[in-house]
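Content type mmCIF, C-alpha atoms and all ligand atoms, from the file upload.cif:
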```cif
data_my_file
#
loop_
_atom_site.label_atom_id
_atom_site.label_comp_id
_atom_site.auth_asym_id
_atom_site.auth_seq_id
_atom_site.Cartn_x
_atom_site.Cartn_y
_atom_site.Cartn_z
CA MET A 1 -101.14 20.35 152.76
CA LEU A 2 -98.60 21.60 155.30
CA GLU A 3 -95.28 19.86 154.86
CA ILE A 4 -92.74 20.02 157.64
CA ALA A 5 -89.36 18.33 157.31
CA VAL A 6 -87.08 20.00 159.82
CA ARG A 7 -84.35 19.49 162.34
CA HIS A 8 -84.02 22.46 164.65
CA ALA A 9 -81.46 22.85 167.42
CA GLN A 10 -81.84 25.36 170.26
CA GLY A 11 -79.27 24.94 173.02
CA ASP A 12 -79.21 21.27 173.99
CA PHE A 13 -82.72 20.67 172.65
CA VAL A 14 -83.22 19.24 169.17
CA LEU A 15 -86.58 19.09 167.44
CA GLU A 16 -87.08 16.66 164.58
CA ALA A 17 -90.27 16.52 162.54
CA ASP A 18 -91.23 14.94 159.25
CA LEU A 19 -94.95 15.52 158.88
CA SER A 20 -97.59 16.05 156.20
CA ILE A 21 -100.63 17.76 157.65
CA GLY A 22 -103.79 17.97 155.56
CA SER A 23 -107.09 19.74 156.24
CA GLY A 24 -108.84 18.74 159.44
CA LEU A 25 -107.57 19.16 162.96
CA THR A 26 -104.19 17.78 163.92
CA ALA A 27 -103.74 17.60 167.68
CA LEU A 28 -100.22 18.08 168.98
CA PHE A 29 -99.90 16.20 172.22
CA GLY A 30 -96.93 15.90 174.53
CA ALA A 31 -95.37 16.54 177.91
CA SER A 32 -94.12 19.96 178.95
CA GLY A 33 -90.82 20.75 177.23
CA SER A 34 -91.36 18.17 174.47
CA GLY A 35 -91.24 20.84 171.76
CA LYS A 36 -94.86 21.72 170.91
CA THR A 37 -94.35 25.48 171.08
CA THR A 38 -91.09 25.20 169.18
CA LEU A 39 -92.87 23.37 166.35
CA ILE A 40 -95.69 25.94 166.31
CA ASN A 41 -93.14 28.78 166.23
CA LEU A 42 -91.25 27.16 163.34
CA VAL A 43 -94.49 26.90 161.36
CA ALA A 44 -95.49 30.46 162.27
CA GLY A 45 -92.12 31.81 161.14
CA LEU A 46 -91.16 33.05 164.61
CA LEU A 47 -88.17 30.69 164.39
CA ARG A 48 -86.05 29.74 161.40
CA PRO A 49 -85.29 26.02 161.27
CA THR A 50 -81.57 25.35 161.51
CA GLN A 51 -82.09 22.66 158.88
CA GLY A 52 -84.96 21.64 156.63
CA ARG A 53 -88.01 22.92 154.84
CA ILE A 54 -91.58 23.99 155.59
CA ALA A 55 -94.12 24.49 152.79
CA LEU A 56 -97.87 24.99 152.53
CA ASP A 57 -99.67 23.83 149.39
CA GLY A 58 -96.35 23.83 147.54
CA GLU A 59 -95.44 27.40 148.58
CA VAL A 60 -92.12 27.31 150.40
CA TRP A 61 -92.18 29.14 153.74
CA SER A 62 -88.66 28.31 154.80
CA ASP A 63 -85.86 26.30 153.29
CA SER A 64 -82.43 26.14 154.87
CA ALA A 65 -80.91 24.84 151.60
CA THR A 66 -81.83 27.95 149.58
CA GLY A 67 -82.03 30.42 152.49
CA HIS A 68 -85.62 31.22 151.46
CA PHE A 69 -87.69 32.50 154.38
CA ARG A 70 -91.16 33.97 154.27
CA PRO A 71 -91.80 36.30 157.22
CA PRO A 72 -94.70 35.50 159.58
CA HIS A 73 -97.04 38.26 158.37
CA ARG A 74 -96.88 36.91 154.82
CA ARG A 75 -97.82 33.33 155.77
CA ARG A 76 -101.58 33.96 156.19
CA ILE A 77 -101.86 32.10 159.47
CA GLY A 78 -104.63 32.54 162.03
CA TYR A 79 -103.64 32.20 165.68
CA VAL A 80 -105.66 31.48 168.78
CA PHE A 81 -103.81 31.45 172.08
CA GLN A 82 -104.77 30.39 175.59
CA GLU A 83 -106.08 33.88 176.35
CA GLY A 84 -108.00 35.69 173.65
CA ARG A 85 -105.67 38.72 173.56
CA LEU A 86 -108.48 40.95 172.27
CA PHE A 87 -108.11 44.73 172.02
CA PRO A 88 -109.91 46.05 175.12
CA HIS A 89 -110.80 49.46 173.60
CA LEU A 90 -112.49 47.95 170.53
CA THR A 91 -115.96 46.40 170.33
CA VAL A 92 -116.38 42.77 169.35
CA ARG A 93 -117.26 43.85 165.79
CA GLN A 94 -114.10 46.01 165.58
CA ASN A 95 -111.98 43.22 167.04
CA LEU A 96 -113.36 40.83 164.44
CA LEU A 97 -112.82 43.23 161.57
CA TYR A 98 -109.24 43.80 162.72
CA GLY A 99 -108.57 40.23 161.63
CA GLN A 100 -109.38 41.23 158.06
CA ARG A 101 -107.13 44.27 157.88
CA PHE A 102 -104.05 42.55 156.58
CA THR A 103 -105.80 40.40 154.01
CA PRO A 104 -106.10 42.09 150.60
CA ALA A 105 -109.77 42.55 149.60
CA GLY A 106 -109.48 40.13 146.66
CA GLN A 107 -108.20 37.33 148.93
CA ARG A 108 -110.89 37.54 151.60
CA ARG A 109 -112.71 34.23 151.78
CA GLU A 110 -114.65 34.97 154.95
CA SER A 111 -117.19 37.68 155.65
CA LEU A 112 -118.15 39.20 158.98
CA GLU A 113 -121.69 37.83 158.59
CA ARG A 114 -120.55 34.26 157.99
CA VAL A 115 -118.11 34.23 160.91
CA VAL A 116 -120.65 35.86 163.25
CA GLY A 117 -123.17 33.18 162.20
CA LEU A 118 -120.68 30.31 162.42
CA LEU A 119 -119.71 31.21 165.98
CA GLY A 120 -123.04 32.57 167.24
CA LEU A 121 -121.53 36.00 167.95
CA GLY A 122 -124.60 38.02 166.89
CA PRO A 123 -125.67 39.17 170.38
CA LEU A 124 -122.11 40.19 171.27
CA VAL A 125 -120.99 42.37 168.39
CA GLU A 126 -121.52 45.77 170.06
CA ARG A 127 -119.98 44.73 173.38
CA ARG A 128 -116.43 45.23 174.59
CA PRO A 129 -114.12 42.40 175.72
CA ALA A 130 -114.18 43.43 179.41
CA GLY A 131 -117.85 42.38 179.66
CA LEU A 132 -117.42 38.98 178.00
CA SER A 133 -117.01 35.59 179.65
CA GLY A 134 -113.80 33.63 179.02
CA GLY A 135 -115.61 31.39 176.53
CA GLU A 136 -117.09 34.34 174.64
CA LYS A 137 -113.66 35.98 174.44
CA GLN A 138 -112.20 32.80 172.97
CA ARG A 139 -115.02 32.63 170.44
CA VAL A 140 -114.28 36.21 169.37
CA ALA A 141 -110.55 35.39 169.14
CA LEU A 142 -111.45 32.44 166.91
CA GLY A 143 -113.65 34.66 164.77
CA ARG A 144 -110.90 37.24 164.41
CA ALA A 145 -108.44 34.55 163.33
CA LEU A 146 -110.91 33.22 160.76
CA LEU A 147 -111.66 36.64 159.31
CA ALA A 148 -108.07 36.87 158.15
CA SER A 149 -109.11 34.08 155.70
CA PRO A 150 -106.05 32.15 156.84
CA HIS A 151 -104.54 29.22 154.99
CA LEU A 152 -103.65 27.58 158.28
CA LEU A 153 -104.96 27.90 161.83
CA LEU A 154 -102.63 27.52 164.83
CA MET A 155 -104.35 26.98 168.15
CA ASP A 156 -102.17 26.79 171.27
CA GLU A 157 -104.23 25.37 174.17
CA PRO A 158 -107.16 27.60 173.27
CA LEU A 159 -109.52 26.10 175.85
CA SER A 160 -107.20 25.37 178.74
CA ALA A 161 -108.17 28.52 180.68
CA LEU A 162 -111.90 27.74 180.47
CA ASP A 163 -114.01 25.82 182.97
CA VAL A 164 -115.84 22.64 181.96
CA GLU A 165 -119.09 24.36 180.98
CA LEU A 166 -117.52 27.06 178.84
CA LYS A 167 -115.35 24.44 177.21
CA ALA A 168 -118.39 22.32 176.39
CA ALA A 169 -120.07 25.36 174.84
CA ILE A 170 -117.17 26.17 172.52
CA LEU A 171 -116.20 22.63 171.41
CA PRO A 172 -119.03 22.47 168.84
CA ASP A 173 -117.81 25.78 167.33
CA ILE A 174 -114.35 24.34 166.82
CA GLU A 175 -115.88 21.21 165.29
CA ARG A 176 -117.84 23.40 162.87
CA ILE A 177 -114.70 25.31 161.88
CA ARG A 178 -112.85 22.03 161.38
CA ASP A 179 -115.63 20.69 159.15
CA GLU A 180 -116.66 23.81 157.26
CA VAL A 181 -113.59 25.99 156.77
CA GLY A 182 -111.45 23.30 155.13
CA ILE A 183 -107.97 24.46 156.19
CA PRO A 184 -105.37 22.57 158.23
CA ILE A 185 -105.59 23.29 161.96
CA LEU A 186 -102.64 22.59 164.23
CA TYR A 187 -103.98 22.33 167.76
CA VAL A 188 -101.86 22.04 170.91
CA SER A 189 -103.69 20.38 173.78
CA HIS A 190 -103.16 18.40 176.97
CA SER A 191 -106.80 17.40 177.18
CA LEU A 192 -107.96 13.92 176.26
CA GLU A 193 -111.50 15.16 175.85
CA GLU A 194 -110.48 17.80 173.33
CA VAL A 195 -108.30 15.37 171.40
CA SER A 196 -110.96 12.67 171.41
CA ARG A 197 -113.68 15.09 170.28
CA LEU A 198 -111.81 17.29 167.83
CA ALA A 199 -108.78 15.63 166.30
CA THR A 200 -108.72 14.06 162.88
CA GLN A 201 -105.16 12.99 163.53
CA VAL A 202 -102.82 13.03 166.47
CA VAL A 203 -99.12 13.84 166.52
CA ALA A 204 -97.23 13.08 169.72
CA MET A 205 -94.21 15.17 170.65
CA ASP A 206 -91.73 13.11 172.58
CA HIS A 207 -88.43 14.72 173.63
CA GLY A 208 -88.35 16.81 170.47
CA ARG A 209 -89.44 14.06 168.09
CA ALA A 210 -92.75 14.44 166.31
CA LYS A 211 -94.45 11.07 165.93
CA PRO A 212 -97.63 10.81 163.86
CA LEU A 213 -99.95 8.39 165.66
CA GLY A 214 -102.95 8.32 163.33
CA SER A 215 -106.59 8.88 164.24
CA PRO A 216 -107.59 9.53 167.86
CA ASP A 217 -109.42 6.20 167.87
CA ALA A 218 -106.18 4.40 167.13
CA VAL A 219 -104.50 6.30 169.93
CA LEU A 220 -107.23 6.28 172.51
CA GLU A 221 -108.66 2.80 172.22
CA THR A 222 -105.52 1.05 173.27
CA VAL A 223 -103.27 1.64 176.20
CA SER A 224 -101.93 5.15 175.93
CA ARG A 225 -98.77 5.62 173.96
CA VAL A 226 -98.66 9.32 174.64
CA ASP A 227 -96.54 10.94 177.32
CA GLY A 228 -98.52 12.34 180.19
CA MET A 229 -101.61 10.14 179.65
CA PRO A 230 -102.35 7.49 182.28
CA PRO A 231 -102.51 4.03 180.71
CA GLY A 232 -106.11 2.99 180.25
CA ASN A 233 -108.85 1.68 178.02
CA PHE A 234 -111.47 3.65 176.15
CA LEU A 235 -114.77 1.80 175.97
CA HIS A 236 -117.34 2.93 173.41
CA ALA A 237 -120.84 2.96 174.87
CA VAL A 238 -124.28 4.56 174.58
CA VAL A 239 -125.94 5.99 177.68
CA THR A 240 -129.17 4.07 178.34
CA SER A 241 -130.49 5.40 181.68
CA HIS A 242 -129.72 7.17 184.93
CA SER A 243 -130.54 6.13 188.45
CA VAL A 244 -130.65 9.25 190.59
CA GLU A 245 -131.20 7.40 193.89
CA GLU A 246 -128.29 5.02 193.23
CA GLY A 247 -126.07 7.76 191.82
CA LEU A 248 -125.41 5.72 188.68
CA THR A 249 -125.47 6.15 184.92
CA LEU A 250 -125.99 2.99 182.88
CA ALA A 251 -124.56 2.53 179.41
CA ASP A 252 -124.39 -0.25 176.83
CA SER A 253 -121.02 -1.11 175.30
CA PRO A 254 -120.32 -3.88 172.79
CA ALA A 255 -118.41 -5.58 175.60
CA GLY A 256 -121.47 -5.53 177.89
CA PRO A 257 -123.41 -3.21 180.20
CA LEU A 258 -121.49 -0.51 182.05
CA PHE A 259 -122.25 1.08 185.41
CA LEU A 260 -120.76 4.55 185.71
CA ARG A 261 -120.85 7.30 188.28
CA ARG A 262 -123.89 9.46 187.67
CA THR A 263 -123.28 12.04 184.94
CA ASP A 264 -125.56 14.55 183.25
CA VAL A 265 -124.88 13.10 179.79
CA ALA A 266 -128.23 12.64 178.00
CA VAL A 267 -129.66 9.18 177.33
CA GLY A 268 -128.71 8.12 173.79
CA THR A 269 -125.36 9.99 173.83
CA HIS A 270 -122.35 8.09 172.47
CA ILE A 271 -119.52 8.17 174.96
CA ARG A 272 -116.08 6.77 175.53
CA ALA A 273 -115.49 5.71 179.11
CA PHE A 274 -111.90 5.72 180.29
CA VAL A 275 -111.04 2.74 182.50
CA PRO A 276 -107.46 2.79 183.82
CA VAL A 277 -105.68 -0.55 183.29
CA SER A 278 -104.77 -0.66 186.98
CA GLU A 279 -108.47 -0.58 188.01
CA ILE A 280 -109.42 -3.85 186.31
CA ALA A 281 -109.26 -7.13 188.22
CA LEU A 282 -109.34 -10.48 186.43
CA ALA A 283 -111.22 -13.57 187.63
CA THR A 284 -111.40 -17.04 186.15
CA SER A 285 -114.93 -17.48 187.54
CA LEU A 286 -117.51 -14.88 188.59
CA PRO A 287 -117.22 -14.28 192.35
CA ASP A 288 -120.26 -13.87 194.65
CA GLY A 289 -120.68 -11.20 197.29
CA ILE A 290 -118.45 -8.60 195.70
CA SER A 291 -119.21 -4.91 195.26
CA MET A 292 -117.73 -4.44 191.80
CA LEU A 293 -120.67 -3.64 189.54
CA ASN A 294 -118.89 -3.91 186.21
CA ARG A 295 -118.40 -7.48 185.04
CA LEU A 296 -117.37 -8.06 181.46
CA SER A 297 -116.35 -11.38 179.96
CA GLY A 298 -113.86 -12.17 177.23
CA THR A 299 -110.90 -14.21 176.06
CA ILE A 300 -107.25 -13.42 176.71
CA THR A 301 -105.43 -12.60 173.48
CA ASP A 302 -102.03 -11.54 174.73
CA ILE A 303 -99.94 -11.13 177.89
CA ARG A 304 -96.96 -8.81 178.12
CA ASP A 305 -94.72 -8.37 181.16
CA GLU A 306 -93.99 -4.81 182.20
CA GLY A 307 -91.81 -4.61 185.30
CA ALA A 308 -93.64 -6.33 188.18
CA SER A 309 -96.91 -6.22 186.22
CA ALA A 310 -98.46 -8.34 183.51
CA MET A 311 -100.48 -6.42 180.90
CA VAL A 312 -103.25 -8.82 179.92
CA ALA A 313 -105.16 -8.04 176.70
CA VAL A 314 -108.69 -9.41 176.62
CA ASP A 315 -111.08 -9.51 173.68
CA CYS A 316 -114.62 -8.75 174.90
CA ALA A 317 -116.97 -9.18 171.92
CA GLY A 318 -114.56 -7.32 169.68
CA GLU A 319 -113.52 -4.63 172.19
CA ARG A 320 -109.92 -4.95 173.31
CA LEU A 321 -109.35 -4.19 176.97
CA ILE A 322 -106.12 -4.31 178.90
CA ALA A 323 -105.93 -5.21 182.56
CA GLU A 324 -102.82 -4.73 184.66
CA VAL A 325 -102.30 -7.48 187.22
CA THR A 326 -99.21 -8.52 189.15
CA ARG A 327 -97.03 -11.15 187.50
CA ARG A 328 -97.70 -13.22 190.59
CA SER A 329 -101.49 -13.14 189.93
CA ALA A 330 -100.89 -14.06 186.29
CA ARG A 331 -98.88 -17.08 187.42
CA VAL A 332 -101.28 -18.16 190.22
CA LEU A 333 -104.31 -17.92 187.89
CA THR A 334 -102.28 -19.58 185.07
CA LEU A 335 -103.41 -16.85 182.70
CA ALA A 336 -102.67 -17.64 179.07
CA PRO A 337 -103.86 -16.61 175.61
CA GLY A 338 -107.14 -18.33 174.66
CA MET A 339 -108.37 -18.52 178.25
CA PRO A 340 -111.84 -17.12 179.11
CA VAL A 341 -111.79 -14.54 181.92
CA HIS A 342 -114.03 -12.01 183.63
CA LEU A 343 -113.00 -8.38 184.01
CA LEU A 344 -114.22 -6.67 187.17
CA PHE A 345 -114.09 -3.01 188.05
CA LYS A 346 -116.05 -0.59 190.20
CA ALA A 347 -118.35 2.09 188.84
CA VAL A 348 -116.24 4.59 190.78
CA SER A 349 -113.12 3.45 188.92
CA ILE A 350 -114.35 5.55 186.02
CA ALA A 351 -113.91 9.17 187.00
CA THR A 352 -116.67 11.54 185.88
CA GLU A 353 -114.05 13.46 183.93
CA GLY A 354 -113.11 10.13 182.31
CA ILE A 355 -116.39 9.98 180.39
CA TYR A 356 -116.05 11.61 177.03
CA ARG A 357 -118.75 12.32 174.51
CA SER A 358 -117.66 10.85 171.21
CA ALA A 359 -118.58 12.20 167.80
N1 LIG B 1 -84.37 29.88 173.02
C1 LIG B 1 -84.11 28.69 173.53
N2 LIG B 1 -82.84 28.27 173.71
C2 LIG B 1 -82.57 27.06 174.22
N3 LIG B 1 -83.53 26.15 174.56
C3 LIG B 1 -84.80 26.51 174.41
C4 LIG B 1 -85.17 27.80 173.88
N4 LIG B 1 -86.53 27.84 173.83
C5 LIG B 1 -86.98 26.65 174.30
N5 LIG B 1 -85.95 25.86 174.64
C6 LIG B 1 -86.04 24.48 175.15
O1 LIG B 1 -86.65 23.69 174.14
C7 LIG B 1 -87.43 22.68 174.73
C8 LIG B 1 -88.85 22.65 174.11
O2 LIG B 1 -89.58 23.78 174.55
P1 LIG B 1 -91.09 24.05 174.10
O3 LIG B 1 -91.46 25.39 174.68
O4 LIG B 1 -91.16 23.89 172.62
O5 LIG B 1 -91.90 22.88 174.82
P2 LIG B 1 -93.46 22.65 174.95
O6 LIG B 1 -93.73 21.24 174.57
O7 LIG B 1 -94.19 23.72 174.21
O8 LIG B 1 -93.70 22.84 176.50
P3 LIG B 1 -94.97 23.41 177.33
O9 LIG B 1 -96.06 22.39 177.21
O10 LIG B 1 -94.43 23.52 178.73
O11 LIG B 1 -95.33 24.74 176.75
C9 LIG B 1 -87.41 22.92 176.23
O12 LIG B 1 -86.46 22.04 176.78
C10 LIG B 1 -86.96 24.37 176.35
O13 LIG B 1 -86.27 24.55 177.55
#
```
Could the structure of this file be written out as structure tokens, please?
Ligand SMILES: Nc1ncnc2c1ncn2[C@@H]1O[C@H](COP(=O)(O)OP(=O)(O)OP(=O)(O)O)[C@@H](O)[C@H]1O
Amino acid sequence: MLEIAVRHAQGDFVLEADLSIGSGLTALFGASGSGKTTLINLVAGLLRPTQGRIALDGEVWSDSATGHFRPPHRRRIGYVFQEGRLFPHLTVRQNLLYGQRFTPAGQRRESLERVVGLLGLGPLVERRPAGLSGGEKQRVALGRALLASPHLLLMDEPLSALDVELKAAILPDIERIRDEVGIPILYVSHSLEEVSRLATQVVAMDHGRAKPLGSPDAVLETVSRVDGMPPGNFLHAVVTSHSVEEGLTLADSPAGPLFLRRTDVAVGTHIRAFVPVSEIALATSLPDGISMLNRLSGTITDIRDEGASAMVAVDCAGERLIAEVTRRSARVLTLAPGMPVHLLFKAVSIATEGIYRSA
């Protein structure tokens, strides 16, 4: 368990965190300048907190009250950064083994064979970094970090430099590390897909304050409470078929059938489809002659005014969706809790990059 209870001032910026982070992957989410790197640097020992204490499994790493401070190289942390930062003159095998160098033989939990197997690095071990793809480099960087047998893994936007395909290829490796290595992972990301796929818990950084938000489901299935995320709904669904000639993918959600832009996600895959609140129209009866393919029905549970808009929460067979309408529409339609309504949105309202595979 990583325990962080700090208040750290740098210039005008103040970071405050009171977190307990167990094994699994904790995603650190937040706008630029919100303090993610500062928090990572405090944990890594690259910064000393002006006030407070950081400890891992009861071992104190820094404590402003006693002045105790354990230097970074004695914290047994594995790092993976945006770019692999591999040694260009060493082979993949030598790069991997470098990770082990600073871990005393008796404390090595990982072996080269296990890490090579875990990350599928077998065919690469004799090659040099210059000949590797971005995704392969990141996989080697991950392997090197793991071979240090770290007690904690810090990953700072490790996939943000990769294109969609390379990202998709490496996500399962990170899932395997999360599930099989059993150490806390602190993972900085701006990507909803990564957070939705990988995180066991989410911490939002908001102007220097670390706010634990719980599981990604709790965060993602309601209107976003995280800076930098557009407000929207995540609908669970299973892909049922594709229509190539119509350019559509069909999926079943508990709320009803969904029509999505055509994707290459296989039939049977569990997905979350992101529907922005502003894309949903409400109707008190089903209209004819309208092009919106998605028509879900439910009962209004709650209406909240937000500026000129009304945020209308609707229960659709247990799925909670939020639609943003003008306050004028809410008044004209006499929307009120308990009222049955239809939710309408276009297939094209769900961007292809808004369809996430869920675990
Ligand atoms: N040495 C410093 N002295 C004063 N202020 C600093 C120092 N280092 C960082 N800051 C400020 O602290 C704040 C948090 O920075 P930090 O790099 O932790 O943000 P971040 O969330 O990692 O941002 P990004 O996503 O852009 O990397 C920023 O306002 C930054 O300008």
Residues within 12 Å of ligand LIG 1 (chain B), counting only C-alpha atoms and all ligand atoms, as an mmCIF file with C-alpha atoms, in the frame of the given file:
```cif
data_model
loop_
_atom_site.group_PDB
_atom_site.id
_atom_site.type_symbol
_atom_site.label_atom_id
_atom_site.label_comp_id
_atom_site.auth_asym_id
_atom_site.auth_seq_id
_atom_site.Cartn_x
_atom_site.Cartn_y
_atom_site.Cartn_z
ATOM 1 C CA HIS A 8 -84.020 22.460 164.650
ATOM 2 C CA ALA A 9 -81.460 22.850 167.420
ATOM 3 C CA GLN A 10 -81.840 25.360 170.260
ATOM 4 C CA GLY A 11 -79.270 24.940 173.020
ATOM 5 C CA ASP A 12 -79.210 21.270 173.990
ATOM 6 C CA PHE A 13 -82.720 20.670 172.650
ATOM 7 C CA VAL A 14 -83.220 19.240 169.170
ATOM 8 C CA LEU A 15 -86.580 19.090 167.440
ATOM 9 C CA GLU A 16 -87.080 16.660 164.580
ATOM 10 C CA LEU A 28 -100.220 18.080 168.980
ATOM 11 C CA PHE A 29 -99.900 16.200 172.220
ATOM 12 C CA GLY A 30 -96.930 15.900 174.530
ATOM 13 C CA ALA A 31 -95.370 16.540 177.910
ATOM 14 C CA SER A 32 -94.120 19.960 178.950
ATOM 15 C CA GLY A 33 -90.820 20.750 177.230
ATOM 16 C CA SER A 34 -91.360 18.170 174.470
ATOM 17 C CA GLY A 35 -91.240 20.840 171.760
ATOM 18 C CA LYS A 36 -94.860 21.720 170.910
ATOM 19 C CA THR A 37 -94.350 25.480 171.080
ATOM 20 C CA THR A 38 -91.090 25.200 169.180
ATOM 21 C CA LEU A 39 -92.870 23.370 166.350
ATOM 22 C CA ILE A 40 -95.690 25.940 166.310
ATOM 23 C CA ASN A 41 -93.140 28.780 166.230
ATOM 24 C CA LEU A 42 -91.250 27.160 163.340
ATOM 25 C CA LEU A 46 -91.160 33.050 164.610
ATOM 26 C CA LEU A 47 -88.170 30.690 164.390
ATOM 27 C CA ARG A 48 -86.050 29.740 161.400
ATOM 28 C CA PHE A 81 -103.810 31.450 172.080
ATOM 29 C CA GLN A 82 -104.770 30.390 175.590
ATOM 30 C CA ASP A 156 -102.170 26.790 171.270
ATOM 31 C CA GLU A 157 -104.230 25.370 174.170
ATOM 32 C CA SER A 160 -107.200 25.370 178.740
ATOM 33 C CA TYR A 187 -103.980 22.330 167.760
ATOM 34 C CA VAL A 188 -101.860 22.040 170.910
ATOM 35 C CA SER A 189 -103.690 20.380 173.780
ATOM 36 C CA HIS A 190 -103.160 18.400 176.970
ATOM 37 C CA SER A 191 -106.800 17.400 177.180
ATOM 38 C CA ALA A 204 -97.230 13.080 169.720
ATOM 39 C CA MET A 205 -94.210 15.170 170.650
ATOM 40 C CA ASP A 206 -91.730 13.110 172.580
ATOM 41 C CA HIS A 207 -88.430 14.720 173.630
ATOM 42 C CA GLY A 208 -88.350 16.810 170.470
ATOM 43 C CA ARG A 209 -89.440 14.060 168.090
ATOM 44 C CA ALA A 210 -92.750 14.440 166.310
ATOM 45 C CA ASP A 227 -96.540 10.940 177.320
ATOM 46 C CA GLY A 228 -98.520 12.340 180.190
#
```
(request) Could you tell me how far atom CA of Phe234 of chain A lies from atom CA of Ala27 of chain A, in Å and to one decimal? (result) 18.1 Å
(message) Which residue is closest to Thr91 of chain A? Choose from A:Asp179, A:Glu245, A:Asp57, A:Glu126 and count all atoms listed in the file.
(response)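 For Thr91 of chain A, the nearest of the candidates is A:Glu126.
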(request) Report the distance between atom CA of Pro150 of chain A and atom CA of Phe102 of chain A in Å, rounded to one decimal place. (result) 10.6 Å
(request) Point out the residue among A:Ser215, A:Thr66, A:Thr103, A:Thr263 with the least atom-to-atom distance to Gln201 of chain A, counting all atoms listed in the file. (result)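 Checking each of A:Ser215, A:Thr66, A:Thr103, A:Thr263 against Gln201 of chain A, counting all atoms listed in the file, the winner is A:Ser215.
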Enclose the full set of atoms of segment 125-141 of chain A listed in the file within a box whose edges lie along x, y and z, apply 8 Å of padding to each of the six sides, and report centre and edge lengths in Å to one decimal as lines of an AutoDock Vina configuration file.
```
center_x = -116.0
center_y = 38.6
center_z = 174.0
size_x = 27.0
size_y = 30.4
size_z = 27.3
```
